[in-house]
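In what follows, a single structure is set out as structure tokens and then discussed.
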There are 2 protein chains.
Amino acid sequence: MPRTVKVAVVGLGSVGQAVTRLLLQTPTVKVVGVADPAPASAGKDLGVALGLPRRLRIKVNGDPERFIKKLSADAAVVCTSSLLKEVKPQVLGLAARRVQILTTCEELAFPVPRRATAFREIDREAKRRKVSVLAAGLNPGFAMDALALMLTAPCTGVRRVSVTRVQDAGTRSLPLQRRVGAGLNLGQFRRAVTEKTVRHVGLVESAHMIASALGWKLDKVDEALEPAVAPRDLDTEYLRIAAGAAAGIRQSVRGYRQGELAVSLDLQVYVGAEAPRDHILVDADPPVDATISGGITGEVATAAILVSMLPRLLGAPPGLITVKDLPLLHALNPHDLVPVSTRKR
Amino acid sequence: MPRTVKVAVVGLGSVGQAVTRLLLQTPTVKVVGVADPAPASAGKDLGVALGLPRRLRIKVNGDPERFIKKLSADAAVVCTSSLLKEVKPQVLGLAARRVQILTTCEELAFPVPRRATAFREIDREAKRRKVSVLAAGLNPGFAMDALALMLTAPCTGVRRVSVTRVQDAGTRSLPLQRRVGAGLNLGQFRRAVTEKTVRHVGLVESAHMIASALGWKLDKVDEALEPAVAPRDLDTEYLRIAAGAAAGIRQSVRGYRQGELAVSLDLQVYVGAEAPRDHILVDADPPVDATISGGITGEVATAAILVSMLPRLLGAPPGLITVKDLPLLHALNPHDLVPVSTRKR
């Protein structure tokens, strides 16, 4: 009988919950522990915390720091924050326990110049401890970078990679609607942008991943974040958005190479967005024009990508790795999961 | 200054020519030799054989067998045949010269049960000689397998992968129109199918690649090849197709798993095909519905994929490898090309 892979989850937000549910369904995985300080989960049985109809006899640890310090597992999935500074101590703590680390932390998806030092530090420590660290997810990590890169494979003379991701926030959860500022008046929206409570994290990381893979040096990277303004009163299940208020975000990153626009990423997430889609355009010979109708969204998709990365993580060389260096991504084959200790590292 | 990678090309058909042109444009590659026995190329200067406006001082060797026996190169691209039995002696000959091998041979793209023995033999010999062997291209190798697999990454509970590739043969070359039987009456078409002169090679390989990656055991794989019948008289630049004659092919492979259709591949290449496209549908949670409008076709795209594989080939472990085991594919970054001798193997 094959040994199961022991996996812990740190952070039981919506993505952490979806990841945990998926791990519980994966026959070659054993969930060995979960931590989250939020009162809704801390101290409760995991089954209860996940809203499952049964108890799982795993108590959610309310103290992630202590949890990490004592953890014994093959891998941990860290779903705590988008911010490197918040995730870094958790990553270093897990590395010290020789636990392989998968995280949703968007800022860890790819080294952008302003975070290069922290990346080097994590990479060094991961190598010293012989663990691999990988940040992954739908975006960054797939829809606006890895998939776009894959679509350049049949191309010569690539001049520009453009990705447009349009999502109707009206069909999503209240936390997501809040995260894109739906319902804020334009003054509130501007303040929220300044305070960084309204935004998507990861576009700059995606732009740098694309450029790096193609061997491009970007001489300028511009970021913009504007409200998508409600053209009329809009209602969601949770919110009323007055005409003229923010219905969500229009966020973009433009990367320039030798003065020409080379990477163009547009993310539009707002209530009432029409024709939701992921659109990838590679300006090259031949060009590639790909559309995923409806787009790929949601916690299940994010969780699926994360869990599908587990075999890649366990098979990767030690250090801080990125999605672009991994073997072809695809849905999890549970039998690809083999504990690190039985592998040649 | 970085060393260039020395590459040879065996076979100067339309794909071999496109590959050679692209290699000549790649700054980190040096084309060190080319072989093709066809009178149109053999003994001529490569520039002349490629229809370039200049001579290249490389003579096309008219005897591939002798060429291989004496070859000294980092890698060779073998574009001679779709058939394993024809390519196998060339691969073994190149392996004996310790040359890394990239080939368009469709039957080598993935081991199907009926060719497992030949695969094992090539794999063993490649390992013994410490060379990597990789079959790659647009189809198989990308459009109907690797890309479809990539699109399953955000999915849980994948039930079926369906790929439909529709191409208007009317916009393609005369050899391609002949290969899909355009202009044959239905009796001639049936004979050509029996003689295997009209068909696409590679669908079964793609089906097995998808199933293998997802951990699926296919209990039945059905193949079908029918004429697309011209609904009226059709004209291409080269051919007249009478109403009722074959305008091209409708080829399919259906793979079943536990009695259910699990992999469904449809290739339609005929004169007058409407809405050419690559369509990939993943029946899963969430589903993914992706369309490349216009589709990806042509020798340049095939050549681009092949050349983009060179760094992966040179970085791969020895043996017969397949596209699904390689790092994320993307357009060539010429600086990723490093001769094998300077790498740790």
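Residue numbering restarts at 1 in every chain; chains get A, B, ... in the order shown in the structure tokens, and ligands count up from 1 in that same order.
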>> Please check the contacts: residues of chain A at most 8 Å away from chain B, using only C-alpha atoms, listed as a PyMOL selection string.
In response: chain A and resi 138+146-147+149-156+158+213-215+285-286+288-296+300-305+308+324-335
Matching every Cα in sequence order between the two identical chains, what are the coordinates of chain B once fitted onto chain A? Write them as a tab-separated table (two decimals) with C-alpha atoms, in the first residue's frame.
chain	number	residue	atom	x	y	z
B	1	MET	CA	-0.08	0.04	0.09
B	2	PRO	CA	1.39	3.43	-0.79
B	3	ARG	CA	2.12	5.74	2.10
B	4	THR	CA	-0.10	8.80	2.29
B	5	VAL	CA	1.35	12.29	2.14
B	6	LYS	CA	0.84	14.19	5.40
B	7	VAL	CA	-0.40	17.70	4.73
B	8	ALA	CA	-1.21	20.57	7.09
B	9	VAL	CA	-3.16	23.73	6.28
B	10	VAL	CA	-2.45	27.12	7.81
B	11	GLY	CA	-5.24	29.64	7.30
B	12	LEU	CA	-8.90	28.71	6.96
B	13	GLY	CA	-10.22	31.60	4.91
B	14	SER	CA	-12.35	30.75	1.89
B	15	VAL	CA	-9.41	29.39	-0.11
B	16	GLY	CA	-7.92	27.56	2.87
B	17	GLN	CA	-11.29	25.92	3.45
B	18	ALA	CA	-11.61	24.88	-0.19
B	19	VAL	CA	-8.06	23.49	-0.15
B	20	THR	CA	-8.76	21.53	3.05
B	21	ARG	CA	-11.99	20.08	1.65
B	22	LEU	CA	-10.16	18.96	-1.48
B	23	LEU	CA	-7.26	17.47	0.51
B	24	LEU	CA	-9.76	15.51	2.62
B	25	GLN	CA	-11.14	13.99	-0.59
B	26	THR	CA	-7.72	13.03	-1.95
B	27	PRO	CA	-7.06	9.36	-1.21
B	28	THR	CA	-3.27	9.66	-1.06
B	29	VAL	CA	-3.35	12.62	1.36
B	30	LYS	CA	-3.80	12.65	5.12
B	31	VAL	CA	-4.68	16.02	6.66
B	32	VAL	CA	-2.59	16.05	9.82
B	33	GLY	CA	-3.43	19.46	11.22
B	34	VAL	CA	-5.05	22.81	10.57
B	35	ALA	CA	-4.51	26.20	12.16
B	36	ASP	CA	-6.43	29.47	12.09
B	37	PRO	CA	-6.79	32.05	14.85
B	38	ALA	CA	-10.23	33.30	13.73
B	39	PRO	CA	-12.88	32.74	16.44
B	40	ALA	CA	-15.15	31.07	13.84
B	41	SER	CA	-12.66	28.18	13.51
B	42	ALA	CA	-10.16	28.20	16.39
B	43	GLY	CA	-10.62	25.32	18.80
B	44	LYS	CA	-13.46	23.80	16.78
B	45	ASP	CA	-13.51	20.41	15.11
B	46	LEU	CA	-12.34	20.77	11.49
B	47	GLY	CA	-15.57	19.20	10.18
B	48	VAL	CA	-17.58	21.85	12.01
B	49	ALA	CA	-15.26	24.65	10.86
B	50	LEU	CA	-15.70	23.52	7.24
B	51	GLY	CA	-19.47	23.16	7.59
B	52	LEU	CA	-19.26	19.44	6.87
B	53	PRO	CA	-21.97	17.13	8.18
B	54	ARG	CA	-19.49	15.13	10.25
B	55	ARG	CA	-16.76	15.65	12.83
B	56	LEU	CA	-13.22	14.86	11.68
B	57	ARG	CA	-11.50	14.55	15.08
B	58	ILE	CA	-9.00	17.21	14.04
B	59	LYS	CA	-9.17	20.32	16.20
B	60	VAL	CA	-8.41	23.63	14.47
B	61	ASN	CA	-5.37	25.05	16.25
B	62	GLY	CA	-6.00	28.68	17.16
B	63	ASP	CA	-2.32	29.59	17.38
B	64	PRO	CA	-0.63	29.23	13.95
B	65	GLU	CA	2.76	30.27	15.31
B	66	ARG	CA	2.85	27.51	17.93
B	67	PHE	CA	1.24	25.09	15.47
B	68	ILE	CA	4.08	25.65	12.99
B	69	LYS	CA	6.75	25.31	15.69
B	70	LYS	CA	5.61	21.80	16.55
B	71	LEU	CA	4.43	20.62	13.13
B	72	SER	CA	5.44	17.29	11.69
B	73	ALA	CA	4.18	16.90	8.12
B	74	ASP	CA	5.38	16.30	4.57
B	75	ALA	CA	3.88	19.56	3.33
B	76	ALA	CA	1.92	22.57	4.49
B	77	VAL	CA	-0.41	24.76	2.49
B	78	VAL	CA	-0.22	28.34	3.77
B	79	CYS	CA	-3.34	30.35	2.88
B	80	THR	CA	-2.94	33.23	5.29
B	81	SER	CA	-2.06	36.39	3.40
B	82	SER	CA	-1.25	37.98	0.05
B	83	LEU	CA	1.64	39.83	1.65
B	84	LEU	CA	5.14	38.48	1.72
B	85	LYS	CA	5.99	40.20	5.02
B	86	GLU	CA	3.14	38.34	6.74
B	87	VAL	CA	3.83	34.96	5.18
B	88	LYS	CA	7.61	35.06	5.44
B	89	PRO	CA	7.87	34.14	9.17
B	90	GLN	CA	5.43	31.27	8.59
B	91	VAL	CA	7.48	30.02	5.65
B	92	LEU	CA	10.73	30.24	7.60
B	93	GLY	CA	9.11	28.49	10.57
B	94	LEU	CA	7.87	25.64	8.37
B	95	ALA	CA	11.25	25.37	6.65
B	96	ALA	CA	12.87	24.97	10.08
B	97	ARG	CA	10.51	21.99	10.59
B	98	ARG	CA	11.64	20.58	7.19
B	99	VAL	CA	8.09	20.83	5.88
B	100	GLN	CA	7.60	21.46	2.14
B	101	ILE	CA	5.67	24.68	1.61
B	102	LEU	CA	2.90	25.56	-0.81
B	103	THR	CA	1.31	28.98	-0.39
B	104	THR	CA	-1.31	31.22	-1.94
B	105	CYS	CA	0.80	34.28	-1.05
B	106	GLU	CA	0.55	36.28	-4.27
B	107	GLU	CA	3.66	38.32	-3.57
B	108	LEU	CA	5.70	35.10	-3.42
B	109	ALA	CA	4.57	33.96	-6.89
B	110	PHE	CA	7.48	35.58	-8.65
B	111	PRO	CA	10.38	37.81	-7.57
B	112	VAL	CA	9.70	41.41	-8.54
B	113	PRO	CA	12.68	43.75	-8.16
B	114	ARG	CA	11.44	45.45	-4.97
B	115	ARG	CA	11.14	42.13	-3.15
B	116	ALA	CA	14.30	40.47	-4.47
B	117	THR	CA	16.10	40.56	-1.12
B	118	ALA	CA	13.33	38.75	0.76
B	119	PHE	CA	13.17	36.17	-2.05
B	120	ARG	CA	16.87	35.49	-1.81
B	121	GLU	CA	16.62	35.10	1.95
B	122	ILE	CA	13.76	32.59	1.69
B	123	ASP	CA	15.51	30.74	-1.12
B	124	ARG	CA	18.72	30.46	0.91
B	125	GLU	CA	16.92	29.24	4.00
B	126	ALA	CA	14.82	26.75	1.99
B	127	LYS	CA	17.95	25.31	0.41
B	128	ARG	CA	19.68	25.10	3.79
B	129	ARG	CA	16.70	23.20	5.21
B	130	LYS	CA	16.28	21.12	2.02
B	131	VAL	CA	12.67	22.15	1.50
B	132	SER	CA	10.91	23.56	-1.55
B	133	VAL	CA	8.75	26.67	-1.34
B	134	LEU	CA	6.19	27.39	-4.05
B	135	ALA	CA	3.51	30.07	-4.31
B	136	ALA	CA	0.70	29.03	-6.62
B	137	GLY	CA	-2.92	29.68	-7.44
B	138	LEU	CA	-5.23	30.74	-10.21
B	139	ASN	CA	-3.96	34.30	-10.43
B	140	PRO	CA	-1.04	34.72	-10.14
B	141	GLY	CA	0.21	31.26	-11.09
B	142	PHE	CA	-2.06	30.25	-13.93
B	143	ALA	CA	-4.63	32.40	-15.74
B	144	MET	CA	-2.53	35.52	-16.35
B	145	ASP	CA	0.96	34.05	-16.58
B	146	ALA	CA	1.59	30.29	-16.87
B	147	LEU	CA	-1.25	29.70	-19.32
B	148	ALA	CA	-0.30	32.77	-21.35
B	149	LEU	CA	3.29	31.53	-21.48
B	150	MET	CA	2.15	28.09	-22.63
B	151	LEU	CA	0.25	29.72	-25.47
B	152	THR	CA	3.45	31.36	-26.73
B	153	ALA	CA	5.03	27.94	-27.40
B	154	PRO	CA	3.94	27.77	-31.09
B	155	CYS	CA	5.06	31.35	-31.70
B	156	THR	CA	8.13	32.98	-33.17
B	157	GLY	CA	9.00	36.64	-32.76
B	158	VAL	CA	6.72	37.25	-29.78
B	159	ARG	CA	6.16	41.00	-29.56
B	160	ARG	CA	3.49	41.25	-26.89
B	161	VAL	CA	1.51	39.09	-24.48
B	162	SER	CA	-1.87	40.54	-23.48
B	163	VAL	CA	-4.22	38.99	-20.97
B	164	THR	CA	-7.67	40.32	-20.16
B	165	ARG	CA	-9.63	38.76	-17.36
B	166	VAL	CA	-13.22	39.92	-16.94
B	167	GLN	CA	-15.32	38.67	-14.02
B	168	ASP	CA	-18.81	39.55	-12.89
B	169	ALA	CA	-18.38	40.22	-9.17
B	170	GLY	CA	-22.17	40.06	-8.83
B	171	THR	CA	-22.06	36.26	-8.93
B	172	ARG	CA	-19.33	36.01	-6.27
B	173	SER	CA	-19.16	36.05	-2.48
B	174	LEU	CA	-19.64	39.13	-0.30
B	175	PRO	CA	-15.96	39.15	0.79
B	176	LEU	CA	-14.93	39.23	-2.87
B	177	GLN	CA	-17.42	42.02	-3.62
B	178	ARG	CA	-15.94	44.00	-0.71
B	179	ARG	CA	-12.39	43.31	-1.88
B	180	VAL	CA	-13.12	44.98	-5.22
B	181	GLY	CA	-14.83	47.94	-3.55
B	182	ALA	CA	-18.33	47.23	-4.86
B	183	GLY	CA	-20.77	49.75	-3.36
B	184	LEU	CA	-18.16	52.31	-2.24
B	185	ASN	CA	-18.62	55.87	-3.41
B	186	LEU	CA	-15.71	57.14	-5.46
B	187	GLY	CA	-14.12	59.00	-2.53
B	188	GLN	CA	-14.28	55.88	-0.38
B	189	PHE	CA	-12.91	53.85	-3.27
B	190	ARG	CA	-9.91	56.15	-3.66
B	191	ARG	CA	-9.19	55.94	0.07
B	192	ALA	CA	-9.51	52.17	0.02
B	193	VAL	CA	-7.04	52.03	-2.86
B	194	THR	CA	-4.59	54.23	-0.94
B	195	GLU	CA	-5.00	51.99	2.12
B	196	LYS	CA	-4.61	48.93	-0.14
B	197	THR	CA	-7.81	47.34	1.14
B	198	VAL	CA	-9.27	47.34	-2.37
B	199	ARG	CA	-7.04	45.73	-5.00
B	200	HIS	CA	-5.92	42.45	-6.49
B	201	VAL	CA	-2.39	41.38	-5.61
B	202	GLY	CA	-0.33	39.55	-8.19
B	203	LEU	CA	-0.46	41.36	-11.53
B	204	VAL	CA	3.09	42.68	-11.26
B	205	GLU	CA	4.29	39.19	-10.33
B	206	SER	CA	2.56	37.75	-13.44
B	207	ALA	CA	4.11	40.40	-15.68
B	208	HIS	CA	7.58	39.64	-14.39
B	209	MET	CA	7.05	35.88	-14.72
B	210	ILE	CA	6.09	36.26	-18.38
B	211	ALA	CA	8.99	38.59	-19.13
B	212	SER	CA	11.50	36.43	-17.31
B	213	ALA	CA	10.46	33.23	-19.10
B	214	LEU	CA	10.71	34.90	-22.50
B	215	GLY	CA	14.08	36.44	-21.64
B	216	TRP	CA	12.72	39.98	-21.71
B	217	LYS	CA	14.09	42.82	-19.62
B	218	LEU	CA	11.25	45.18	-18.75
B	219	ASP	CA	12.48	48.75	-18.55
B	220	LYS	CA	9.22	50.11	-17.12
B	221	VAL	CA	6.24	48.54	-15.38
B	222	ASP	CA	3.19	50.76	-14.84
B	223	GLU	CA	0.36	49.83	-12.52
B	224	ALA	CA	-3.12	51.34	-12.50
B	225	LEU	CA	-6.27	50.75	-10.48
B	226	GLU	CA	-9.52	52.52	-11.29
B	227	PRO	CA	-13.10	51.98	-10.18
B	228	ALA	CA	-15.54	50.39	-12.60
B	229	VAL	CA	-18.41	52.85	-12.12
B	230	ALA	CA	-21.97	51.54	-11.87
B	231	PRO	CA	-23.88	52.94	-14.88
B	232	ARG	CA	-27.17	52.54	-12.94
B	233	ASP	CA	-28.32	51.19	-9.57
B	234	LEU	CA	-27.15	47.59	-9.27
B	235	ASP	CA	-28.18	44.91	-6.79
B	236	THR	CA	-26.30	41.79	-5.76
B	237	GLU	CA	-27.43	39.16	-3.29
B	238	TYR	CA	-25.60	41.16	-0.62
B	239	LEU	CA	-25.24	44.75	-1.74
B	240	ARG	CA	-26.96	47.69	-3.39
B	241	ILE	CA	-24.66	49.75	-5.58
B	242	ALA	CA	-25.93	53.24	-6.40
B	243	ALA	CA	-25.47	54.60	-9.92
B	244	GLY	CA	-22.15	56.43	-10.00
B	245	ALA	CA	-20.61	54.39	-7.17
B	246	ALA	CA	-17.88	51.81	-7.63
B	247	ALA	CA	-19.08	48.43	-8.90
B	248	GLY	CA	-15.59	46.94	-8.71
B	249	ILE	CA	-12.09	47.30	-10.08
B	250	ARG	CA	-10.34	47.83	-13.38
B	251	GLN	CA	-6.75	47.04	-12.64
B	252	SER	CA	-3.88	46.87	-15.08
B	253	VAL	CA	-0.18	46.39	-15.42
B	254	ARG	CA	1.76	47.42	-18.50
B	255	GLY	CA	5.32	46.24	-18.97
B	256	TYR	CA	7.51	47.95	-21.55
B	257	ARG	CA	10.51	46.53	-23.30
B	258	GLN	CA	12.79	48.69	-25.41
B	259	GLY	CA	10.08	51.35	-25.27
B	260	GLU	CA	7.35	49.06	-26.63
B	261	LEU	CA	4.40	47.65	-24.69
B	262	ALA	CA	5.35	43.99	-24.22
B	263	VAL	CA	3.19	42.64	-21.38
B	264	SER	CA	-0.32	43.97	-20.92
B	265	LEU	CA	-2.47	42.57	-18.13
B	266	ASP	CA	-6.02	43.76	-17.48
B	267	LEU	CA	-8.15	42.52	-14.63
B	268	GLN	CA	-11.75	43.72	-14.51
B	269	VAL	CA	-13.82	42.45	-11.62
B	270	TYR	CA	-17.05	44.32	-11.09
B	271	VAL	CA	-20.74	43.81	-10.55
B	272	GLY	CA	-22.52	43.64	-13.89
B	273	ALA	CA	-19.43	42.89	-16.03
B	274	GLU	CA	-20.61	41.44	-19.31
B	275	ALA	CA	-19.14	38.44	-21.14
B	276	PRO	CA	-16.93	37.19	-18.30
B	277	ARG	CA	-13.89	35.57	-19.84
B	278	ASP	CA	-10.16	34.98	-19.81
B	279	HIS	CA	-8.69	36.28	-23.02
B	280	ILE	CA	-5.07	35.74	-23.99
B	281	LEU	CA	-3.59	37.34	-27.07
B	282	VAL	CA	-0.06	36.61	-28.21
B	283	ASP	CA	1.13	39.09	-30.82
B	284	ALA	CA	3.62	36.97	-32.74
B	285	ASP	CA	4.11	34.84	-35.85
B	286	PRO	CA	1.72	33.07	-35.85
B	287	PRO	CA	-0.47	35.01	-33.41
B	288	VAL	CA	-2.56	33.14	-30.83
B	289	ASP	CA	-5.98	34.38	-29.76
B	290	ALA	CA	-7.48	32.26	-26.98
B	291	THR	CA	-10.64	32.78	-24.95
B	292	ILE	CA	-11.94	30.82	-22.01
B	293	SER	CA	-15.60	31.63	-22.10
B	294	GLY	CA	-17.03	32.40	-18.68
B	295	GLY	CA	-13.48	32.61	-17.37
B	296	ILE	CA	-12.00	30.45	-14.66
B	297	THR	CA	-12.89	31.72	-11.20
B	298	GLY	CA	-13.68	30.71	-7.70
B	299	GLU	CA	-12.25	29.04	-4.65
B	300	VAL	CA	-12.65	25.51	-6.02
B	301	ALA	CA	-10.50	26.34	-9.06
B	302	THR	CA	-7.87	27.97	-6.85
B	303	ALA	CA	-7.90	24.99	-4.50
B	304	ALA	CA	-7.67	22.56	-7.43
B	305	ILE	CA	-4.59	24.30	-8.79
B	306	LEU	CA	-2.95	24.35	-5.39
B	307	VAL	CA	-3.59	20.67	-4.72
B	308	SER	CA	-2.48	19.74	-8.27
B	309	MET	CA	0.84	21.41	-7.39
B	310	LEU	CA	1.52	19.10	-4.45
B	311	PRO	CA	3.24	16.36	-6.50
B	312	ARG	CA	5.32	19.02	-8.27
B	313	LEU	CA	6.28	20.59	-4.94
B	314	LEU	CA	7.33	17.25	-3.50
B	315	GLY	CA	9.35	16.46	-6.62
B	316	ALA	CA	11.03	19.85	-6.90
B	317	PRO	CA	14.60	20.72	-5.97
B	318	PRO	CA	15.05	22.58	-2.66
B	319	GLY	CA	14.69	26.35	-2.70
B	320	LEU	CA	12.11	28.96	-3.63
B	321	ILE	CA	10.70	27.77	-6.93
B	322	THR	CA	8.11	29.28	-9.25
B	323	VAL	CA	5.35	27.81	-11.37
B	324	LYS	CA	7.17	28.51	-14.62
B	325	ASP	CA	9.92	26.05	-13.69
B	326	LEU	CA	7.62	23.13	-12.93
B	327	PRO	CA	6.61	20.27	-15.21
B	328	LEU	CA	3.43	20.73	-17.22
B	329	LEU	CA	0.56	21.53	-14.87
B	330	HIS	CA	-2.60	19.45	-14.99
B	331	ALA	CA	-5.35	18.19	-12.72
B	332	LEU	CA	-4.12	16.11	-9.82
B	333	ASN	CA	-3.38	12.45	-10.38
B	334	PRO	CA	-3.53	11.32	-6.74
B	335	HIS	CA	-1.03	8.55	-7.46
B	336	ASP	CA	1.61	11.13	-8.39
B	337	LEU	CA	1.74	12.00	-4.69
B	338	VAL	CA	4.73	10.39	-3.05
B	339	PRO	CA	6.16	11.55	0.28
B	340	VAL	CA	9.46	13.38	-0.05
B	341	SER	CA	11.25	11.01	2.31
B	342	THR	CA	10.84	8.17	-0.18
B	343	ARG	CA	12.18	10.23	-3.08
B	344	LYS	CA	15.67	11.00	-4.12
B	345	ARG	CA	16.07	14.73	-3.50
> range 71-268 of chain A: which residues are alpha helix (DSSP H) by DSSP, as a VMD selection string?
Replying inline: chain A and resid 84 to 96 116 to 129 146 to 150 174 to 179 186 to 194 203 to 214
